[in-house]
Amino acid sequence: MALERLDRMNDDRERGRMSRRLFEDDSEATRVANLGEMQEQIATRSRRDRPCLLILAGSNVGERYRIDDGQEIIIGRTSGVTIRLNDDGVSRRHARLFCANEHEVVIEDLQSSNGTLVNNQPITQVLLRDGDKIRIGATTVLMFTYHDQVEELFQESMYDRSIRDELTKAFNRRFFLERLESEIAYARRHSTPLAILLFDIDHFKRINDTFGHPTGDVVLARISKLAGGTVRTEDVFARYGGEEFIVLCRGVPLESAGILAERIRMIIEASAFEHEGQRIPVTISVGVSAFPTTPAETGLELIGAADEALYEAKRTGRNRVLLKQGSAAQEH
């Protein structure tokens with residue numbers, strides 16, 4: 001009897017051990033299955049299937065262009081192209097990119113004067129691979145790559161934050177000055193007009209002192225929205241500093257720039273600015289300069305000329321537009 005009980009105890013213990021092993025094996029199998037499923041989900045979520053171009057060097061550095069299925073991207077220096085470059089050696093229609101198959105992108109040189117190089121090799125037409133470097137013109141280098149959705153949104157966000165003023169969402173001063181130098185070089189090389197509108201808010205210190213700095217910030221953001229919504233898509237509108245804003249207009253002569261400046265002035269004057277039910281009178285003064293009517297060798301000289309016209313506009317009564325023509329500032 002004692003031996004039978006001992007045998008039964010040993011059998012129970014063995015069955016327990018086997019049961020635990022089976023349970024552990026099942027748990028391990030479940031863990032492996034879950035891990036495999038998780039890896040598959042991660043791979044699916046991070047699939048890099050969004051072809052795009054990043055500009056690594058040149059006048060448009062930092063810009064990113066997504067290439068969608070069925071889309072054709074033309075690179076060149078003339079109006080109407082997808083990516084317009086201000087770069088010596090870039091032809092009017094220099095190269096094109098298109099999707100050959102799903103997510104596969106081909107670049108083709110459009111018989112450009114100076115050729116298109118991929119990884120330092122001249123090409124006629126070639127299928128691009130992730131990480132390929134494309135050189136076009138004297139200074140422009142682009143990189144072809146694939147992004148997933150998370151990477152794409154992150155890069156868009158980081159790039160936007162690096163070139164925008166946080167309060168007003170206008171471009172920042174650094175971005176504006178970088179664009180200005182390339183634009184003035186292009187204007188001088190091709191004898192095309194280039195205009196600057198420089199304006200600031202009349203009596204802005206009084207607004208801050210009377211209603212407080214938070215209200216002053218609201219006024220700045222509202223003016224940025226009004227003025228930014230008035231200029232063309234191709235214009236560069238930026239916060240130049242404090243209550244000063246600036247606009248860069250390619251291909252716009254002095255008189256036409258004066259018309260745009262007057263339109264912005266009138267829109268802001270007619271807009272309602274209020275603080276706790278009390279109306280705040282807000283106006284701007286604008287100085288305008290434009291190459292070649294305004295003599296300028298550099299972009300900073302063109303800004304300086306607009307600044308002189310702005311100073312004269314404020315000195316002679318504010319809420320007005322003055323054009324810098326030669327050495328004189330004339331009312332529009």
# chains A, B, ... in the order shown; residues from 1 in each chain; ligands from 1
call {"tool": "residues_around", "arguments": {"residues": "A:Arg206", "least_positions_apart": "4", "cutoff": "12 Å", "atoms": "only C-alpha atoms", "output": "count of residues only"}}
result
11
call {"tool": "residues_around", "arguments": {"residues": "A:Leu254", "least_positions_apart": "4", "cutoff": "7 Å", "atoms": "only C-alpha atoms", "output": "list of chain:residue names"}}
result
A:Ala195, A:Gly258, A:Ser289, A:Ala290, A:Thr293
call {"tool": "select_by_dssp", "arguments": {"residues": "stretch 104-304 of chain A", "states": "strand (DSSP E or B)", "output": "NGL selection string"}}
result
:A and (104-109 or 116-118 or 121-123 or 125-127 or 133-136 or 140-147 or 164 or 171 or 194-201 or 236-241 or 244-250 or 274-275 or 278-279 or 284-291)
call {"tool": "closest_residue", "arguments": {"among": "A:Ala227, A:Leu142, A:Ile264, A:Ala296", "to": "A:Leu117", "atoms": "only C-alpha atoms"}}
result
A:Leu142
call {"tool": "residues_around", "arguments": {"residues": "stretch 249-251 of chain A", "least_positions_apart": "4", "cutoff": "6 Å", "atoms": "only C-alpha atoms", "output": "PDB file with all heavy atoms, in the first residue's frame"}}
result
ATOM      1  N   THR A 192      16.424  91.202 -64.643  1.00  0.00           N
ATOM      2  CA  THR A 192      14.994  91.148 -64.318  1.00  0.00           C
ATOM      3  C   THR A 192      14.753  91.934 -63.029  1.00  0.00           C
ATOM      4  O   THR A 192      15.630  92.011 -62.160  1.00  0.00           O
ATOM      5  CB  THR A 192      14.513  89.701 -64.127  1.00  0.00           C
ATOM      6  OG1 THR A 192      15.300  89.079 -63.097  1.00  0.00           O
ATOM      7  CG2 THR A 192      14.663  88.910 -65.409  1.00  0.00           C
ATOM      8  N   PRO A 193      13.557  92.519 -62.866  1.00  0.00           N
ATOM      9  CA  PRO A 193      13.297  93.309 -61.665  1.00  0.00           C
ATOM     10  C   PRO A 193      13.149  92.457 -60.408  1.00  0.00           C
ATOM     11  O   PRO A 193      12.764  91.285 -60.475  1.00  0.00           O
ATOM     12  CB  PRO A 193      11.997  94.048 -61.990  1.00  0.00           C
ATOM     13  CG  PRO A 193      11.345  93.243 -63.053  1.00  0.00           C
ATOM     14  CD  PRO A 193      12.441  92.585 -63.833  1.00  0.00           C
ATOM     15  N   LEU A 194      13.456  93.067 -59.278  1.00  0.00           N
ATOM     16  CA  LEU A 194      13.317  92.414 -57.976  1.00  0.00           C
ATOM     17  C   LEU A 194      12.968  93.492 -56.958  1.00  0.00           C
ATOM     18  O   LEU A 194      13.701  94.469 -56.816  1.00  0.00           O
ATOM     19  CB  LEU A 194      14.622  91.717 -57.574  1.00  0.00           C
ATOM     20  CG  LEU A 194      14.603  90.969 -56.242  1.00  0.00           C
ATOM     21  CD1 LEU A 194      13.717  89.732 -56.325  1.00  0.00           C
ATOM     22  CD2 LEU A 194      16.028  90.568 -55.824  1.00  0.00           C
ATOM     23  N   ALA A 195      11.848  93.313 -56.270  1.00  0.00           N
ATOM     24  CA  ALA A 195      11.350  94.360 -55.375  1.00  0.00           C
ATOM     25  C   ALA A 195      11.393  93.929 -53.913  1.00  0.00           C
ATOM     26  O   ALA A 195      11.277  92.742 -53.586  1.00  0.00           O
ATOM     27  CB  ALA A 195       9.917  94.740 -55.750  1.00  0.00           C
ATOM     28  N   ASP A 235       6.159  84.916 -53.776  1.00  0.00           N
ATOM     29  CA  ASP A 235       6.816  85.962 -52.989  1.00  0.00           C
ATOM     30  C   ASP A 235       7.293  85.381 -51.663  1.00  0.00           C
ATOM     31  O   ASP A 235       6.766  84.383 -51.168  1.00  0.00           O
ATOM     32  CB  ASP A 235       5.864  87.125 -52.727  1.00  0.00           C
ATOM     33  CG  ASP A 235       5.433  87.837 -54.000  1.00  0.00           C
ATOM     34  OD1 ASP A 235       6.216  87.819 -54.969  1.00  0.00           O
ATOM     35  OD2 ASP A 235       4.322  88.395 -54.028  1.00  0.00           O
TER      36      ASP A 235
END
call {"tool": "select_by_dssp", "arguments": {"residues": "stretch 28-234 of chain A", "states": "helix (DSSP H, G or I)", "output": "ChimeraX atom specification"}}
result
/A:28-45,149-163,173-190,204-211,213-228
call {"tool": "write_last_selection", "arguments": {"atoms": "C-alpha atoms", "output": "PDB file, in the first residue's frame"}}
result
ATOM      1  CA  GLU A  28       6.927  30.834 -25.304  1.00  0.00           C
ATOM      2  CA  ALA A  29       5.091  30.060 -28.527  1.00  0.00           C
ATOM      3  CA  THR A  30       2.657  32.871 -27.778  1.00  0.00           C
ATOM      4  CA  ARG A  31       5.552  35.250 -27.053  1.00  0.00           C
ATOM      5  CA  VAL A  32       7.266  34.288 -30.319  1.00  0.00           C
ATOM      6  CA  ALA A  33       4.022  34.724 -32.239  1.00  0.00           C
ATOM      7  CA  ASN A  34       3.399  38.098 -30.594  1.00  0.00           C
ATOM      8  CA  LEU A  35       6.965  39.208 -31.304  1.00  0.00           C
ATOM      9  CA  GLY A  36       6.677  38.191 -34.941  1.00  0.00           C
ATOM     10  CA  GLU A  37       3.354  39.984 -35.235  1.00  0.00           C
ATOM     11  CA  MET A  38       4.828  43.085 -33.602  1.00  0.00           C
ATOM     12  CA  GLN A  39       7.815  43.096 -35.972  1.00  0.00           C
ATOM     13  CA  GLU A  40       5.475  42.723 -38.934  1.00  0.00           C
ATOM     14  CA  GLN A  41       3.395  45.666 -37.703  1.00  0.00           C
ATOM     15  CA  ILE A  42       6.511  47.775 -37.205  1.00  0.00           C
ATOM     16  CA  ALA A  43       7.744  46.870 -40.680  1.00  0.00           C
ATOM     17  CA  THR A  44       4.350  47.754 -42.130  1.00  0.00           C
ATOM     18  CA  ARG A  45       4.182  51.051 -40.267  1.00  0.00           C
ATOM     19  CA  GLN A 149       4.915  58.639 -43.209  1.00  0.00           C
ATOM     20  CA  VAL A 150       6.454  59.304 -39.780  1.00  0.00           C
ATOM     21  CA  GLU A 151       9.790  60.397 -41.261  1.00  0.00           C
ATOM     22  CA  GLU A 152       7.998  62.596 -43.775  1.00  0.00           C
ATOM     23  CA  LEU A 153       5.904  64.391 -41.161  1.00  0.00           C
ATOM     24  CA  PHE A 154       8.906  64.779 -38.846  1.00  0.00           C
ATOM     25  CA  GLN A 155      11.124  66.257 -41.538  1.00  0.00           C
ATOM     26  CA  GLU A 156       8.364  68.608 -42.677  1.00  0.00           C
ATOM     27  CA  SER A 157       7.855  69.775 -39.106  1.00  0.00           C
ATOM     28  CA  MET A 158      11.572  70.268 -38.381  1.00  0.00           C
ATOM     29  CA  TYR A 159      12.218  72.089 -41.640  1.00  0.00           C
ATOM     30  CA  ASP A 160       9.191  74.323 -41.170  1.00  0.00           C
ATOM     31  CA  ARG A 161      10.268  75.224 -37.625  1.00  0.00           C
ATOM     32  CA  SER A 162      13.759  76.109 -38.851  1.00  0.00           C
ATOM     33  CA  ILE A 163      12.526  78.663 -41.417  1.00  0.00           C
ATOM     34  CA  ARG A 173      14.988  86.678 -41.070  1.00  0.00           C
ATOM     35  CA  ARG A 174      17.701  84.094 -41.706  1.00  0.00           C
ATOM     36  CA  PHE A 175      15.685  82.294 -44.372  1.00  0.00           C
ATOM     37  CA  PHE A 176      14.760  85.602 -45.997  1.00  0.00           C
ATOM     38  CA  LEU A 177      18.366  86.810 -46.228  1.00  0.00           C
ATOM     39  CA  GLU A 178      19.510  83.504 -47.710  1.00  0.00           C
ATOM     40  CA  ARG A 179      16.847  83.707 -50.406  1.00  0.00           C
ATOM     41  CA  LEU A 180      17.538  87.392 -51.017  1.00  0.00           C
ATOM     42  CA  GLU A 181      21.175  86.896 -51.998  1.00  0.00           C
ATOM     43  CA  SER A 182      20.340  84.208 -54.539  1.00  0.00           C
ATOM     44  CA  GLU A 183      17.452  86.291 -55.926  1.00  0.00           C
ATOM     45  CA  ILE A 184      19.507  89.483 -56.330  1.00  0.00           C
ATOM     46  CA  ALA A 185      22.241  87.482 -58.085  1.00  0.00           C
ATOM     47  CA  TYR A 186      19.628  86.037 -60.451  1.00  0.00           C
ATOM     48  CA  ALA A 187      18.068  89.474 -61.083  1.00  0.00           C
ATOM     49  CA  ARG A 188      21.425  91.063 -61.872  1.00  0.00           C
ATOM     50  CA  ARG A 189      22.498  88.186 -64.111  1.00  0.00           C
ATOM     51  CA  HIS A 190      19.273  88.159 -66.136  1.00  0.00           C
ATOM     52  CA  PHE A 204       3.546  99.731 -31.900  1.00  0.00           C
ATOM     53  CA  LYS A 205       5.198 100.596 -28.578  1.00  0.00           C
ATOM     54  CA  ARG A 206       2.071 102.523 -27.633  1.00  0.00           C
ATOM     55  CA  ILE A 207      -0.034  99.409 -28.339  1.00  0.00           C
ATOM     56  CA  ASN A 208       2.197  97.311 -26.079  1.00  0.00           C
ATOM     57  CA  ASP A 209       2.250  99.936 -23.311  1.00  0.00           C
ATOM     58  CA  THR A 210      -1.522 100.519 -23.422  1.00  0.00           C
ATOM     59  CA  PHE A 211      -2.909  97.016 -23.948  1.00  0.00           C
ATOM     60  CA  HIS A 213       2.469  92.602 -24.743  1.00  0.00           C
ATOM     61  CA  PRO A 214       0.076  89.641 -25.234  1.00  0.00           C
ATOM     62  CA  THR A 215      -2.221  91.975 -27.181  1.00  0.00           C
ATOM     63  CA  GLY A 216       0.786  93.233 -29.118  1.00  0.00           C
ATOM     64  CA  ASP A 217       1.569  89.625 -30.051  1.00  0.00           C
ATOM     65  CA  VAL A 218      -2.005  89.148 -31.284  1.00  0.00           C
ATOM     66  CA  VAL A 219      -1.644  92.266 -33.464  1.00  0.00           C
ATOM     67  CA  LEU A 220       1.635  90.974 -34.928  1.00  0.00           C
ATOM     68  CA  ALA A 221       0.133  87.566 -35.732  1.00  0.00           C
ATOM     69  CA  ARG A 222      -2.985  89.133 -37.285  1.00  0.00           C
ATOM     70  CA  ILE A 223      -0.967  91.519 -39.469  1.00  0.00           C
ATOM     71  CA  SER A 224       1.204  88.629 -40.604  1.00  0.00           C
ATOM     72  CA  LYS A 225      -1.889  86.674 -41.617  1.00  0.00           C
ATOM     73  CA  LEU A 226      -3.397  89.644 -43.484  1.00  0.00           C
ATOM     74  CA  ALA A 227      -0.203  90.588 -45.327  1.00  0.00           C
ATOM     75  CA  GLY A 228       0.845  86.985 -45.970  1.00  0.00           C
TER      76      GLY A 228
END
call {"tool": "residues_around", "arguments": {"residues": "stretch 59-69 of chain A", "least_positions_apart": "6", "cutoff": "9 Å", "atoms": "only C-alpha atoms", "output": "ChimeraX atom specification"}}
result
/A:50-53,83-87,97-105,139-142,155-156,159,178-179,181-183
call {"tool": "residues_around", "arguments": {"residues": "A:Leu198", "least_positions_apart": "5", "cutoff": "9 Å", "atoms": "only C-alpha atoms", "output": "PyMOL selection string"}}
result
chain A and resi 240+244-247+261+285-289+303+306-307+309-310
call {"tool": "residues_around", "arguments": {"residues": "A:Lys133", "least_positions_apart": "5", "cutoff": "12 Å", "atoms": "only C-alpha atoms", "output": "list of chain:residue names"}}
result
A:Leu53, A:Leu54, A:Ile55, A:Leu56, A:Ala57, A:Ile107, A:Thr116, A:Leu117, A:Val118, A:Asn119, A:Asn120, A:Gln121, A:Pro122, A:Leu128, A:Thr140, A:Val141, A:Leu142, A:Met143, A:Phe144, A:Thr145
call {"tool": "write_last_selection", "arguments": {"atoms": "C-alpha atoms", "output": "JSON list (two decimals), in the first residue's frame"}}
result
[["chain", "number", "residue", "atom", "x", "y", "z"],
["A", 53, "LEU", "CA", 13.90, 64.73, -53.27],
["A", 54, "LEU", "CA", 15.85, 66.70, -50.68],
["A", 55, "ILE", "CA", 17.95, 69.71, -51.70],
["A", 56, "LEU", "CA", 21.27, 69.39, -49.88],
["A", 57, "ALA", "CA", 23.13, 72.36, -51.37],
["A", 107, "ILE", "CA", 15.57, 60.76, -63.79],
["A", 116, "THR", "CA", 22.93, 65.94, -65.05],
["A", 117, "LEU", "CA", 25.17, 63.88, -62.77],
["A", 118, "VAL", "CA", 24.03, 61.01, -60.53],
["A", 119, "ASN", "CA", 26.69, 59.98, -58.01],
["A", 120, "ASN", "CA", 29.17, 62.05, -60.06],
["A", 121, "GLN", "CA", 28.41, 60.14, -63.26],
["A", 122, "PRO", "CA", 26.78, 61.92, -66.26],
["A", 128, "LEU", "CA", 17.25, 56.16, -59.02],
["A", 140, "THR", "CA", 22.86, 72.46, -56.50],
["A", 141, "VAL", "CA", 22.97, 68.95, -55.04],
["A", 142, "LEU", "CA", 19.82, 66.89, -54.45],
["A", 143, "MET", "CA", 19.40, 63.54, -52.74],
["A", 144, "PHE", "CA", 16.81, 60.97, -53.79],
["A", 145, "THR", "CA", 15.43, 58.93, -50.91]]
call {"tool": "atom_distance", "arguments": {"atom1": "atom CA of A:Phe237", "atom2": "atom CA of A:Glu166"}}
result
14.1 Å
call {"tool": "atom_distance", "arguments": {"atom1": "atom CA of A:Gly137", "atom2": "atom CA of A:His94"}}
result
9.0 Å
call {"tool": "atom_distance", "arguments": {"atom1": "atom CA of A:Ile73", "atom2": "atom CA of A:Val236"}}
result
22.4 Å
